[in-house]
file work_35.txt (compact mmCIF, C-alpha atoms)
# COMPACT_ATOMS: atom_id res chain seq x y z
CA MET L 15 0.00 0.00 0.00
CA THR L 16 1.31 3.44 -0.95
CA ALA L 17 1.89 5.87 1.95
CA THR L 18 0.95 9.49 1.18
CA ILE L 19 3.12 12.20 2.74
CA LEU L 20 2.24 15.90 2.87
CA VAL L 21 5.37 18.10 2.86
CA VAL L 22 4.76 21.67 4.09
CA ASP L 23 7.63 24.10 3.41
CA ASP L 24 8.01 27.48 1.67
CA GLU L 25 11.46 26.75 0.18
CA PRO L 26 10.93 26.78 -3.63
CA ASP L 27 13.50 24.05 -4.40
CA LEU L 28 12.44 21.56 -1.72
CA GLU L 29 9.71 19.84 -3.78
CA ALA L 30 12.14 18.92 -6.58
CA LEU L 31 14.77 17.87 -4.08
CA VAL L 32 12.38 15.56 -2.17
CA LEU L 33 11.10 13.94 -5.37
CA GLN L 34 14.69 13.41 -6.51
CA LYS L 35 15.85 11.86 -3.24
CA PHE L 36 12.77 9.57 -2.96
CA ARG L 37 12.47 8.76 -6.67
CA ARG L 38 13.01 5.01 -6.14
CA GLN L 39 10.32 4.79 -3.44
CA VAL L 40 7.93 6.81 -5.60
CA ARG L 41 8.66 4.65 -8.65
CA GLU L 42 8.07 1.44 -6.65
CA GLY L 43 4.78 2.79 -5.28
CA LEU L 44 5.96 2.81 -1.69
CA VAL L 45 5.27 6.53 -1.15
CA SER L 46 3.63 9.48 -2.86
CA PHE L 47 4.03 13.15 -1.99
CA VAL L 48 1.71 16.15 -1.76
CA PHE L 49 3.21 19.62 -1.24
CA ALA L 50 2.04 22.86 0.42
CA ARG L 51 3.83 26.17 1.04
CA ASP L 52 2.36 27.12 4.43
CA GLY L 53 -0.03 25.95 7.14
CA LEU L 54 -3.20 27.32 5.52
CA GLU L 55 -2.41 25.69 2.19
CA ALA L 56 -1.63 22.46 4.08
CA LEU L 57 -5.08 22.45 5.76
CA GLN L 58 -6.73 22.99 2.39
CA SER L 59 -4.64 20.20 0.87
CA LEU L 60 -5.73 17.84 3.67
CA GLU L 61 -9.36 18.52 2.82
CA GLU L 62 -8.61 17.56 -0.77
CA HIS L 63 -6.43 14.59 0.22
CA PRO L 64 -7.93 13.12 3.43
CA HIS L 65 -5.97 9.88 2.84
CA VAL L 66 -2.66 11.62 3.77
CA ASP L 67 -0.81 9.38 6.22
CA LEU L 68 1.98 11.65 7.44
CA VAL L 69 2.79 15.36 7.55
CA VAL L 70 6.37 16.69 7.33
CA SER L 71 6.35 20.42 8.14
CA ASP L 72 8.72 23.36 8.45
CA ILE L 73 8.18 25.82 11.34
CA ASN L 74 8.92 29.26 9.92
CA MET L 75 6.40 29.89 7.07
CA PRO L 76 4.16 32.79 5.99
CA ARG L 77 0.43 33.07 6.97
CA MET L 78 0.49 30.01 9.29
CA ASP L 79 3.68 28.60 10.80
CA GLY L 80 4.35 24.91 11.42
CA LEU L 81 3.68 24.99 15.17
CA SER L 82 0.26 26.59 14.59
CA LEU L 83 -0.45 23.96 11.92
CA LEU L 84 0.55 21.23 14.35
CA ALA L 85 -1.93 22.55 16.91
CA LYS L 86 -4.69 22.56 14.26
CA LEU L 87 -3.86 18.99 13.24
CA GLN L 88 -4.18 17.81 16.84
CA GLU L 89 -7.62 19.45 17.14
CA SER L 90 -8.99 17.45 14.21
CA GLU L 91 -10.71 14.10 14.65
CA ASP L 92 -8.19 12.40 12.35
CA LYS L 93 -4.97 13.45 14.05
CA LYS L 94 -2.15 13.23 11.52
CA SER L 95 1.27 12.07 12.70
CA THR L 96 3.68 14.92 12.11
CA ILE L 97 7.44 15.32 11.76
CA ILE L 98 8.70 18.87 12.36
CA VAL L 99 11.73 19.96 10.26
CA SER L 100 13.27 23.35 10.97
CA ALA L 101 16.50 25.31 11.07
CA TYR L 102 15.43 26.51 14.48
CA GLY L 103 16.49 23.43 16.38
CA ASP L 104 16.54 25.03 19.81
CA MET L 105 15.02 23.36 22.83
CA SER L 106 12.12 25.82 23.04
CA ASN L 107 10.82 24.90 19.57
CA ILE L 108 11.45 21.19 20.19
CA ARG L 109 9.52 21.37 23.47
CA THR L 110 6.65 23.27 21.86
CA ALA L 111 6.50 20.85 18.92
CA MET L 112 6.46 17.81 21.18
CA ASN L 113 3.89 19.35 23.51
CA ARG L 114 1.63 19.94 20.51
CA GLY L 115 1.85 16.32 19.45
CA ALA L 116 4.76 16.08 17.00
CA PHE L 117 5.95 12.51 16.52
CA ASP L 118 9.57 13.54 15.83
CA PHE L 119 11.78 16.56 15.19
CA LEU L 120 14.60 17.07 12.62
CA THR L 121 16.79 20.08 11.95
CA LYS L 122 17.84 21.80 8.75
CA PRO L 123 19.80 21.50 6.57
CA ILE L 124 17.94 18.27 5.90
CA ASP L 125 19.90 15.06 6.15
CA PHE L 126 17.87 12.95 3.69
CA VAL L 127 19.22 9.66 5.05
CA ASP L 128 18.00 10.71 8.50
CA LEU L 129 14.72 11.97 7.02
CA GLU L 130 14.11 8.66 5.22
CA ALA L 131 14.80 6.68 8.41
CA THR L 132 12.49 8.96 10.42
CA ILE L 133 9.72 8.67 7.82
CA ASP L 134 10.04 4.86 7.81
CA LYS L 135 9.88 4.75 11.61
CA THR L 136 6.87 7.05 11.70
CA LEU L 137 4.98 5.09 9.03
CA ARG L 138 5.58 1.87 10.97
CA HIS L 139 4.19 3.58 14.06
CA ILE L 140 1.15 4.77 12.09
CA GLU L 141 0.51 1.26 10.78
CA MET L 142 0.81 -0.15 14.28
CA LEU L 143 -1.73 2.38 15.59
CA ARG L 144 -4.11 1.53 12.76
CA GLU L 145 -3.82 -2.17 13.57
CA VAL L 146 -4.52 -1.47 17.24
CA ARG L 147 -7.58 0.63 16.31
CA ARG L 148 -8.77 -2.05 13.89
CA ARG L 149 -8.51 -4.74 16.55
CA GLN L 150 -10.19 -2.49 19.07
CA ALA L 151 -13.07 -1.82 16.66
CA GLU L 152 -13.39 -5.56 15.98
CA ALA L 153 -13.38 -6.25 19.71
CA GLU L 154 -16.05 -3.59 20.31
CA ARG L 155 -18.23 -5.04 17.55
CA ALA L 156 -17.69 -8.53 18.90
CA HIS L 157 -18.45 -7.39 22.45
CA ALA L 158 -21.68 -5.73 21.33
CA SER L 159 -22.74 -8.96 19.65
CA LEU L 160 -21.53 -11.27 22.42
CA SER L 161 -23.28 -9.20 25.10
CA ARG L 162 -26.58 -10.52 23.75
CA TYR L 163 -25.58 -14.03 24.77
CA PHE L 164 -23.01 -13.86 27.54
CA SER L 165 -22.56 -12.13 30.88
CA PRO L 166 -20.66 -8.83 30.63
CA GLU L 167 -17.42 -10.24 32.05
CA LEU L 168 -17.51 -13.31 29.81
CA ALA L 169 -18.34 -11.15 26.78
CA LYS L 170 -15.25 -9.04 27.47
CA ARG L 171 -13.05 -12.11 27.71
CA LEU L 172 -14.45 -13.59 24.52
CA ALA L 173 -14.45 -10.39 22.46
CA ALA L 174 -10.70 -10.48 21.86
CA SER L 175 -10.80 -14.12 20.73
CA VAL L 176 -14.29 -14.62 19.37
CA GLY L 177 -13.11 -16.98 16.65
CA ASP L 178 -11.32 -19.22 19.14
CA ARG L 179 -14.23 -19.97 21.46
CA THR L 180 -17.34 -19.92 19.28
CA GLU L 181 -16.48 -22.40 16.55
CA VAL L 182 -19.01 -25.23 16.17
CA THR L 183 -18.04 -28.21 18.34
CA TRP L 184 -19.51 -30.98 20.46
CA ARG L 185 -19.56 -30.07 24.16
CA ASP L 186 -21.10 -31.48 27.30
CA VAL L 187 -23.54 -28.78 28.39
CA ALA L 188 -26.34 -28.11 30.81
CA VAL L 189 -29.48 -26.69 29.21
CA ILE L 190 -32.31 -24.70 30.75
CA PHE L 191 -35.46 -24.22 28.71
CA THR L 192 -38.21 -21.87 29.92
CA ASP L 193 -41.70 -21.02 28.68
CA ILE L 194 -44.70 -19.06 29.95
CA THR L 195 -48.13 -20.63 30.46
CA GLY L 196 -51.00 -18.96 28.62
CA PHE L 197 -48.74 -16.57 26.74
CA THR L 198 -50.61 -16.98 23.44
CA SER L 199 -53.85 -15.82 25.10
CA LEU L 200 -52.04 -12.85 26.62
CA VAL L 201 -50.68 -11.86 23.19
CA GLU L 202 -54.20 -11.96 21.73
CA THR L 203 -55.81 -9.90 24.49
CA ALA L 204 -53.19 -7.44 25.81
CA ALA L 205 -52.63 -4.00 24.33
CA PRO L 206 -49.40 -3.84 22.27
CA GLU L 207 -47.74 -1.29 24.53
CA LEU L 208 -48.54 -3.37 27.63
CA LEU L 209 -47.31 -6.56 26.01
CA GLY L 210 -44.09 -4.85 24.96
CA GLU L 211 -43.50 -3.56 28.49
CA LEU L 212 -44.28 -6.95 30.04
CA LEU L 213 -42.08 -9.01 27.74
CA ASN L 214 -39.15 -6.60 27.76
CA GLU L 215 -39.12 -6.44 31.55
CA TYR L 216 -39.50 -10.21 31.80
CA VAL L 217 -36.70 -11.07 29.35
CA THR L 218 -34.38 -8.48 30.89
CA GLY L 219 -34.96 -9.80 34.40
CA MET L 220 -34.57 -13.43 33.38
CA THR L 221 -31.40 -12.62 31.44
CA ASP L 222 -29.96 -10.78 34.44
CA VAL L 223 -30.46 -13.93 36.54
CA VAL L 224 -28.76 -16.06 33.87
CA PHE L 225 -25.82 -13.67 33.63
CA ALA L 226 -25.48 -13.60 37.43
CA HIS L 227 -24.82 -17.36 37.22
CA GLU L 228 -22.52 -16.83 34.17
CA GLY L 229 -24.87 -18.69 31.86
CA THR L 230 -25.21 -18.19 28.12
CA VAL L 231 -28.49 -17.06 26.57
CA ALA L 232 -28.62 -19.19 23.43
CA LYS L 233 -32.09 -18.22 22.24
CA VAL L 234 -34.96 -15.91 23.06
CA ILE L 235 -37.99 -16.83 20.97
CA GLY L 236 -41.00 -14.83 22.09
CA ASP L 237 -41.58 -15.92 25.68
CA ALA L 238 -39.22 -18.92 25.52
CA ILE L 239 -35.60 -18.70 26.68
CA GLU L 240 -32.86 -21.28 26.14
CA VAL L 241 -29.83 -21.13 28.42
CA LEU L 242 -26.51 -23.00 28.24
CA PHE L 243 -23.83 -23.72 30.82
CA ASN L 244 -20.30 -24.99 30.10
CA ALA L 245 -20.38 -23.14 26.78
CA PRO L 246 -18.45 -21.42 25.38
CA SER L 247 -16.05 -21.54 28.35
CA ASP L 248 -15.41 -24.53 30.58
CA GLN L 249 -17.40 -24.55 33.82
CA PRO L 250 -16.59 -27.70 35.83
CA ASP L 251 -19.58 -27.00 38.12
CA TYR L 252 -22.00 -26.42 35.23
CA ALA L 253 -24.64 -28.84 36.57
CA THR L 254 -24.68 -27.11 39.96
CA ARG L 255 -24.83 -23.70 38.28
CA ALA L 256 -27.73 -24.74 36.05
CA ILE L 257 -29.83 -26.07 38.96
CA ALA L 258 -29.15 -22.94 41.03
CA CYS L 259 -29.95 -20.71 38.06
CA ALA L 260 -33.22 -22.54 37.33
CA GLN L 261 -34.36 -22.12 40.93
CA GLN L 262 -33.46 -18.44 40.93
CA LEU L 263 -35.28 -17.97 37.61
CA ASP L 264 -38.35 -19.51 39.23
CA VAL L 265 -38.11 -17.16 42.22
CA TRP L 266 -37.71 -14.12 39.98
CA ALA L 267 -40.51 -15.14 37.61
CA GLU L 268 -42.96 -15.74 40.48
CA ALA L 269 -42.13 -12.34 42.00
CA PHE L 270 -42.67 -10.81 38.55
CA ARG L 271 -46.08 -12.50 38.28
CA GLU L 272 -47.16 -11.23 41.69
CA ARG L 273 -45.99 -7.71 40.92
CA TRP L 274 -48.07 -7.56 37.73
CA LYS L 275 -51.01 -9.37 39.34
CA ALA L 276 -51.21 -6.49 41.80
CA LYS L 277 -51.59 -4.22 38.76
CA GLY L 278 -54.45 -6.33 37.42
CA VAL L 279 -52.43 -8.21 34.79
CA ASN L 280 -52.64 -12.01 34.76
CA PHE L 281 -49.17 -13.11 33.62
CA GLY L 282 -48.66 -16.87 33.34
CA ALA L 283 -46.31 -19.02 35.38
CA THR L 284 -42.87 -19.80 33.99
CA ARG L 285 -42.22 -23.49 33.38
CA ILE L 286 -38.59 -24.65 33.43
CA GLY L 287 -36.89 -27.81 32.15
CA VAL L 288 -33.23 -28.68 32.82
CA HIS L 289 -31.08 -31.44 31.34
CA ALA L 290 -27.40 -32.15 30.67
CA GLY L 291 -25.53 -34.02 27.96
CA PRO L 292 -23.63 -33.58 24.68
CA ALA L 293 -24.73 -30.94 22.18
CA LEU L 294 -23.44 -29.33 19.00
CA VAL L 295 -22.58 -25.80 20.14
CA GLY L 296 -21.21 -22.76 18.35
CA ASN L 297 -21.89 -19.86 16.03
CA PHE L 298 -24.43 -20.96 13.42
CA GLY L 299 -24.92 -17.49 11.94
CA GLY L 300 -22.67 -17.95 8.93
CA SER L 301 -20.37 -15.16 7.80
CA ARG L 302 -22.97 -12.38 8.08
CA PHE L 303 -24.56 -12.97 11.49
CA PHE L 304 -23.52 -14.11 14.96
CA ASP L 305 -25.90 -16.76 16.28
CA TYR L 306 -24.42 -18.70 19.17
CA THR L 307 -26.71 -21.62 19.94
CA ALA L 308 -26.86 -25.40 20.42
CA TYR L 309 -28.50 -28.36 18.72
CA GLY L 310 -29.04 -31.99 19.63
CA ASP L 311 -31.04 -34.42 21.70
CA THR L 312 -29.93 -32.77 24.95
CA ILE L 313 -31.62 -29.53 23.91
CA ASN L 314 -34.81 -31.32 22.83
CA THR L 315 -34.97 -33.21 26.13
CA ALA L 316 -34.70 -30.01 28.16
CA ALA L 317 -37.56 -28.53 26.12
CA ARG L 318 -39.72 -31.64 26.71
CA LEU L 319 -38.99 -31.57 30.43
CA GLU L 320 -40.21 -27.96 30.43
CA ALA L 321 -43.44 -29.09 28.73
CA ALA L 322 -43.83 -31.96 31.24
CA ASN L 323 -44.49 -29.40 33.99
CA LYS L 324 -47.89 -28.77 32.42
CA PHE L 325 -49.00 -32.33 33.22
CA LEU L 326 -47.18 -32.66 36.54
CA GLY L 327 -48.34 -29.36 38.04
CA THR L 328 -44.73 -28.40 38.76
CA ARG L 329 -42.81 -25.33 37.61
CA ILE L 330 -39.34 -26.92 37.42
CA CYS L 331 -38.58 -30.40 36.13
CA VAL L 332 -34.98 -31.64 35.88
CA SER L 333 -33.48 -34.89 34.67
CA ALA L 334 -31.67 -37.37 36.90
CA THR L 335 -28.63 -36.78 34.69
CA ILE L 336 -28.18 -33.24 35.89
CA ALA L 337 -29.51 -33.85 39.40
CA ASN L 338 -26.87 -36.55 39.95
CA ALA L 339 -24.13 -34.30 38.56
CA ALA L 340 -25.05 -31.29 40.70
CA GLU L 341 -23.44 -30.82 44.10
CA ASN L 342 -25.77 -31.28 47.11
CA PHE L 343 -28.88 -31.53 44.94
CA ARG L 344 -32.06 -31.11 46.96
CA GLY L 345 -35.25 -32.29 45.36
CA ARG L 346 -37.93 -34.93 45.21
CA PRO L 347 -38.47 -37.58 42.55
CA VAL L 348 -41.22 -37.02 40.01
CA GLY L 349 -41.10 -40.43 38.38
CA ASP L 350 -39.83 -42.12 35.23
CA LEU L 351 -41.13 -40.04 32.34
CA ILE L 352 -41.50 -41.34 28.82
CA LEU L 353 -41.29 -38.05 27.00
CA ARG L 354 -42.90 -37.31 23.68
CA GLY L 355 -41.13 -39.13 20.86
CA ARG L 356 -39.20 -41.38 23.25
CA SER L 357 -39.47 -45.05 24.16
CA GLU L 358 -37.09 -45.13 27.13
CA PRO L 359 -38.07 -43.58 30.48
CA LEU L 360 -36.12 -40.68 32.00
CA ARG L 361 -36.06 -40.25 35.78
CA ALA L 362 -37.06 -36.68 36.65
CA TYR L 363 -36.95 -34.59 39.82
CA GLU L 364 -38.45 -31.40 41.15
CA PRO L 365 -35.74 -29.23 42.80
CA LEU L 366 -36.65 -27.85 46.23
CA SER L 367 -35.38 -24.92 48.24
CA PRO L 368 -33.43 -25.88 51.39
CA ALA L 369 -36.40 -24.91 53.56
CA SER L 370 -38.87 -26.99 51.54
CA PHE L 371 -36.45 -29.93 51.40
CA ASP L 372 -36.10 -29.95 55.20
CA ALA L 373 -39.85 -29.51 55.84
CA PRO L 374 -41.93 -32.49 57.09
CA ALA L 375 -43.96 -32.50 53.85
CA ALA L 376 -40.86 -33.49 51.86
CA GLY L 377 -40.36 -36.54 54.05
CA GLN L 378 -44.04 -37.47 53.73
CA TYR L 379 -43.81 -37.20 49.95
CA ALA L 380 -40.64 -39.33 49.88
CA ALA L 381 -42.38 -42.05 51.91
CA ALA L 382 -45.46 -41.98 49.65
CA PHE L 383 -43.31 -42.07 46.50
CA ALA L 384 -41.34 -45.06 47.85
CA LYS L 385 -44.62 -46.94 48.31
CA LEU L 386 -45.67 -45.95 44.76
CA GLU L 387 -42.35 -47.16 43.34
CA ALA L 388 -42.65 -50.46 45.24
CA GLY L 389 -46.20 -51.05 44.01
CA ASP L 390 -47.50 -50.86 47.58
CA ALA L 391 -51.29 -50.36 47.80
CA ALA L 392 -50.63 -48.01 50.72
CA ALA L 393 -49.36 -45.40 48.22
CA MET L 394 -52.88 -44.11 47.53
CA PRO L 395 -53.79 -43.33 51.17
CA ALA L 396 -50.30 -41.91 51.70
CA PHE L 397 -50.73 -39.42 48.85
CA ALA L 398 -54.34 -38.72 49.95
CA ALA L 399 -53.11 -37.83 53.43
CA LEU L 400 -50.40 -35.59 51.95
CA VAL L 401 -52.88 -33.75 49.75
CA GLY L 402 -55.24 -33.41 52.71
CA LEU L 403 -52.51 -31.63 54.64
CA HIS L 404 -51.10 -29.69 51.68
CA ALA L 405 -53.81 -29.02 49.12
CA ASP L 406 -51.46 -26.78 47.15
CA ASP L 407 -48.98 -29.62 46.50
CA ALA L 408 -49.67 -30.08 42.80
CA LEU L 409 -47.24 -32.96 42.29
CA ALA L 410 -48.77 -34.98 45.15
CA GLY L 411 -52.18 -34.23 43.67
CA PHE L 412 -50.98 -35.44 40.27
CA HIS L 413 -49.91 -38.82 41.68
CA LEU L 414 -53.12 -39.19 43.69
CA LYS L 415 -55.20 -38.54 40.59
CA ARG L 416 -53.20 -41.17 38.66
CA LEU L 417 -53.78 -43.73 41.38
CA LEU L 418 -57.49 -42.93 41.55
CA ASN L 419 -57.67 -43.49 37.77
CA GLY L 420 -56.10 -46.95 38.12
CA ALA L 421 -52.47 -46.16 37.26
CA LYS L 422 -49.67 -47.98 39.04
CA GLY L 423 -45.96 -47.46 39.55
CA ILE L 424 -43.82 -44.45 38.72
CA ARG L 425 -43.49 -44.85 34.97
CA MET L 426 -45.74 -42.50 33.03
CA GLN L 427 -46.24 -41.63 29.37
CA LEU L 428 -46.43 -37.92 28.60
CA GLU L 429 -47.82 -36.67 25.30
call {"tool": "encode", "arguments": {"input": "work_35.txt", "output": "structure tokens"}}
result
Amino acid sequence: MTATILVVDDEPDLEALVLQKFRRQVREGLVSFVFARDGLEALQSLEEHPHVDLVVSDINMPRMDGLSLLAKLQESEDKKSTIIVSAYGDMSNIRTAMNRGAFDFLTKPIDFVDLEATIDKTLRHIEMLREVRRRQAEAERAHASLSRYFSPELAKRLAASVGDRTEVTWRDVAVIFTDITGFTSLVETAAPELLGELLNEYVTGMTDVVFAHEGTVAKVIGDAIEVLFNAPSDQPDYATRAIACAQQLDVWAEAFRERWKAKGVNFGATRIGVHAGPALVGNFGGSRFFDYTAYGDTINTAARLEAANKFLGTRICVSATIANAAENFRGRPVGDLILRGRSEPLRAYEPLSPASFDAPAAGQYAAAFAKLEAGDAAAMPAFAALVGLHADDALAGFHLKRLLNGAKGIRMQLE
């Protein structure tokens, strides 16, 4: 690439001398020169030649001297690197030139070997600055895109190496899938401005919870949110993080519901499914878009566990795979679910808060479930007693209803 240099000097013979001394570089297309006779003419020339890379300027010139020109150049948005060349090589002028942003300073009479070396050094510096700015701009663009998916700190770490961490690859991940009950009805009945306010506040709040646990938002499709852990960065405790995040999402979503219920808006409950396993993860947006997401059976299973809540009466349903991998998991067994499109059962659990896990009702449920799993006829009265004491226990009510309808055991087919 040809570097363009603006030479500003009122000596009439300097233009011919410069072109003579740099004739080889000009002939080889390494440099080209533009000339001006004072500071005002130089500013006009820069308007006509905005691609100028470097300014070489005398100090003592008519109308506008070189130091005044230097000050003007530093005021502009595109600050041009400048070499000051003058017969007045005293410390006062050097100090003034450097204080006004000169890159280097040479004295007259011009030593063209020294001038060539100084120009080469300055052009290398300019190219280095441009590369730094280019990388910074790329990082800023990457950060803006990555911030849609990742927590702020993770987005910063990834921005400088987006191509290294977001290539498509198989990874073991934890997946959270969320959905809102009755959202279609809300869309059909709510005013557009209310719906926009509701959904924006909801997605923002849910995303904040995900980012607090350093999760990755892989998709937001209407009211549904898909979250990944252990992608794109390694998280050895990803199962524990995912369970904790799911429970916090439930707490936040329920508080959100209550807040809007007080305003007269009936916002549905958030159902959550969580599973872990291998998935194909990476940027699937091609060369034009950034779309970090995941595909595979693990993702589909998490989505089906979310849907299972509708039948079970629960709000969170997690697989045994992730429950067993999480540290100090607290929860109660739901049963062996045969999910839609599957033939093999999947053991599922409902996570509980520490207080709920330690409450007497959790022990009563565990005893009733053990009888159900063993095929003990005492399971029905056990669940009936539990529901009698805790009418709001939807999962206990679900099992009691199954037993009353003649079902047995803990295996259940979900459509």
call {"tool": "atom_distance", "arguments": {"input": "work_35.txt", "atom1": "CA of Phe191 (chain L)", "atom2": "CA of His289 (chain L)"}}
result
8.8 Å
call {"tool": "residues_around", "arguments": {"input": "work_35.txt", "residues": "Arg51 (chain L)", "least_positions_apart": "5", "cutoff": "12 Å", "atoms": "all atoms listed in the file", "output": "NGL selection string"}}
result
:L and (20-29 or 56-59 or 70-80 or 83)
call {"tool": "atom_distance", "arguments": {"input": "work_35.txt", "atom1": "CA of Tyr252 (chain L)", "atom2": "CA of Thr221 (chain L)"}}
result
17.1 Å
call {"tool": "residues_around", "arguments": {"input": "work_35.txt", "residues": "Ser106 (chain L)", "least_positions_apart": "6", "cutoff": "12 Å", "atoms": "only C-alpha atoms", "output": "ChimeraX atom specification"}}
result
/L:81,112-113
call {"tool": "residues_near_point", "arguments": {"input": "work_35.txt", "point": "(-48.1, -43.4, 48.3)", "cutoff": "6 Å", "atoms": "all atoms listed in the file", "output": "PyMOL selection string"}}
result
chain L and resi 382-383+385-386+392-394+396-397
call {"tool": "atom_distance", "arguments": {"input": "work_35.txt", "atom1": "CA of Thr328 (chain L)", "atom2": "CA of Met220 (chain L)"}}
result
18.9 Å
call {"tool": "residues_around", "arguments": {"input": "work_35.txt", "residues": "region 132-135 of chain L", "least_positions_apart": "5", "cutoff": "12 Å", "atoms": "only C-alpha atoms", "output": "PyMOL selection string"}}
result
chain L and resi 17-21+36+39+44-45+67-70+95-99+117-120+124-127+140-142
call {"tool": "closest_residue", "arguments": {"input": "work_35.txt", "among": "L:Glu89, L:Asp186, L:Asp193, L:Asp237", "to": "Asp311 (chain L)", "atoms": "only C-alpha atoms"}}
result
L:Asp186
call {"tool": "closest_residue", "arguments": {"input": "work_35.txt", "among": "L:Gly236, L:Gly377, L:Gly210, L:Pro64", "to": "Thr198 (chain L)", "atoms": "all atoms listed in the file"}}
result
L:Gly236
call {"tool": "closest_residue", "arguments": {"input": "work_35.txt", "among": "L:Ala238, L:Ala260, L:Ala50, L:Ala111", "to": "Ser367 (chain L)", "atoms": "only C-alpha atoms"}}
result
L:Ala260
call {"tool": "residues_near_point", "arguments": {"input": "work_35.txt", "point": "(6.7, 15.2, -2.3)", "cutoff": "6 Å", "atoms": "all atoms listed in the file", "output": "list in words"}}
result
Glu29, Val32, Leu33, Phe47, Val48 and Phe49 of chain L
call {"tool": "closest_residue", "arguments": {"input": "work_35.txt", "among": "L:Ser100, L:Thr312, L:Thr284, L:Gln262", "to": "Arg185 (chain L)", "atoms": "only C-alpha atoms"}}
result
L:Thr312
call {"tool": "residues_around", "arguments": {"input": "work_35.txt", "residues": "Pro365 (chain L)", "least_positions_apart": "6", "cutoff": "8 Å", "atoms": "only C-alpha atoms", "output": "list in words"}}
result
Ile257, Gln261, Ile330, Cys331, Val332, Phe343, Arg344, Gly345 and Arg346 of chain L
call {"tool": "residues_around", "arguments": {"input": "work_35.txt", "residues": "Asp406 (chain L)", "least_positions_apart": "4", "cutoff": "12 Å", "atoms": "all atoms listed in the file", "output": "list of chain:residue names"}}
result
L:Gly327, L:Thr328, L:Ala375, L:Leu400, L:Val401, L:Gly402, L:Ala410, L:Gly411, L:Phe412
call {"tool": "closest_residue", "arguments": {"input": "work_35.txt", "among": "L:Met15, L:Ala267, L:Leu353, L:Ala30", "to": "Glu42 (chain L)", "atoms": "only C-alpha atoms"}}
result
L:Met15
call {"tool": "closest_residue", "arguments": {"input": "work_35.txt", "among": "L:Asp251, L:Glu387, L:Asp128, L:Asp372", "to": "Ile336 (chain L)", "atoms": "all atoms listed in the file"}}
result
L:Asp251
call {"tool": "axis_aligned_box", "arguments": {"input": "work_35.txt", "around": "region 89-96 of chain L", "padding_each_side": "5 Å", "output": "JSON"}}
result
{"center_x": -3.5, "center_y": 15.8, "center_z": 14.3, "size_x": 24.4, "size_y": 17.4, "size_z": 15.6}
